[in-house]
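Participant: Have a look at this one.
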Amino acid sequence: MVGIVAMGKAFSLLAKNMTAEADEVRRLRDAFERALFARIPDLVLNGHPTLRLPNTVNISFRFVEGEALLLTST
């Protein structure tokens, strides 16, 4: 019974801060994307520009094969 009450309290605290945290993560994601698009030509945003998870960036590099990206990252 005590565990259930504690879990309920934890979920309550999580729900209270979840919107603010998602807004901050979204702000950071958008700033990161703006910096990428300003510095790297031929980027493509995959998916919807606003209706997506706040913590996810999904981009493609035009004219670059995936293998080349993997080779340069190691």
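Just so we're on the same page: first chain in the structure tokens is A, next is B, and so on; residues restart at 1 for each chain, and ligands are numbered from 1 in the order they show up.
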Excluding Gly47 of chain A and residues on its chain fewer than 5 positions from it, collect all residues at most 12 Å away from it, counting only C-alpha atoms, and give them as an mmCIF file with C-alpha atoms, in the first residue's frame.
Facilitator:
```
data_model
loop_
_atom_site.group_PDB
_atom_site.id
_atom_site.type_symbol
_atom_site.label_atom_id
_atom_site.label_comp_id
_atom_site.auth_asym_id
_atom_site.auth_seq_id
_atom_site.Cartn_x
_atom_site.Cartn_y
_atom_site.Cartn_z
ATOM 1 C CA ARG A 52 6.837 15.506 -33.312
ATOM 2 C CA LEU A 53 8.583 14.508 -30.124
ATOM 3 C CA THR A 56 14.047 14.025 -31.421
ATOM 4 C CA VAL A 57 15.945 15.410 -34.402
ATOM 5 C CA ASN A 58 15.618 13.433 -37.629
ATOM 6 C CA ILE A 59 17.541 14.890 -40.555
ATOM 7 C CA SER A 60 19.033 13.709 -43.818
#
```
Participant: From the DSSP assignment of the backbone, select every residue of chain A that is alpha helix (DSSP H), and format the answer as a ChimeraX atom specification.
Facilitator: /A:2-39,66-73
Participant: Just the residues within 12 Å of Ile40 of chain A, please, counting only C-alpha atoms, with nothing from its chain fewer than 5 positions along; format it as a VMD selection string.
Facilitator: chain A and resid 33 to 35 59 to 62
Participant: Limited to C-alpha atoms, could you put the picked residues into a file as a JSON list (two decimals), in the first residue's frame?
Facilitator:
```
[["chain", "number", "residue", "atom", "x", "y", "z"],
["A", 33, "GLU", "CA", 18.36, 22.48, -35.56],
["A", 34, "ARG", "CA", 18.65, 26.19, -36.43],
["A", 35, "ALA", "CA", 22.40, 26.00, -35.82],
["A", 59, "ILE", "CA", 17.54, 14.89, -40.56],
["A", 60, "SER", "CA", 19.03, 13.71, -43.82],
["A", 61, "PHE", "CA", 22.09, 15.00, -45.61],
["A", 62, "ARG", "CA", 21.44, 15.41, -49.35]]
```
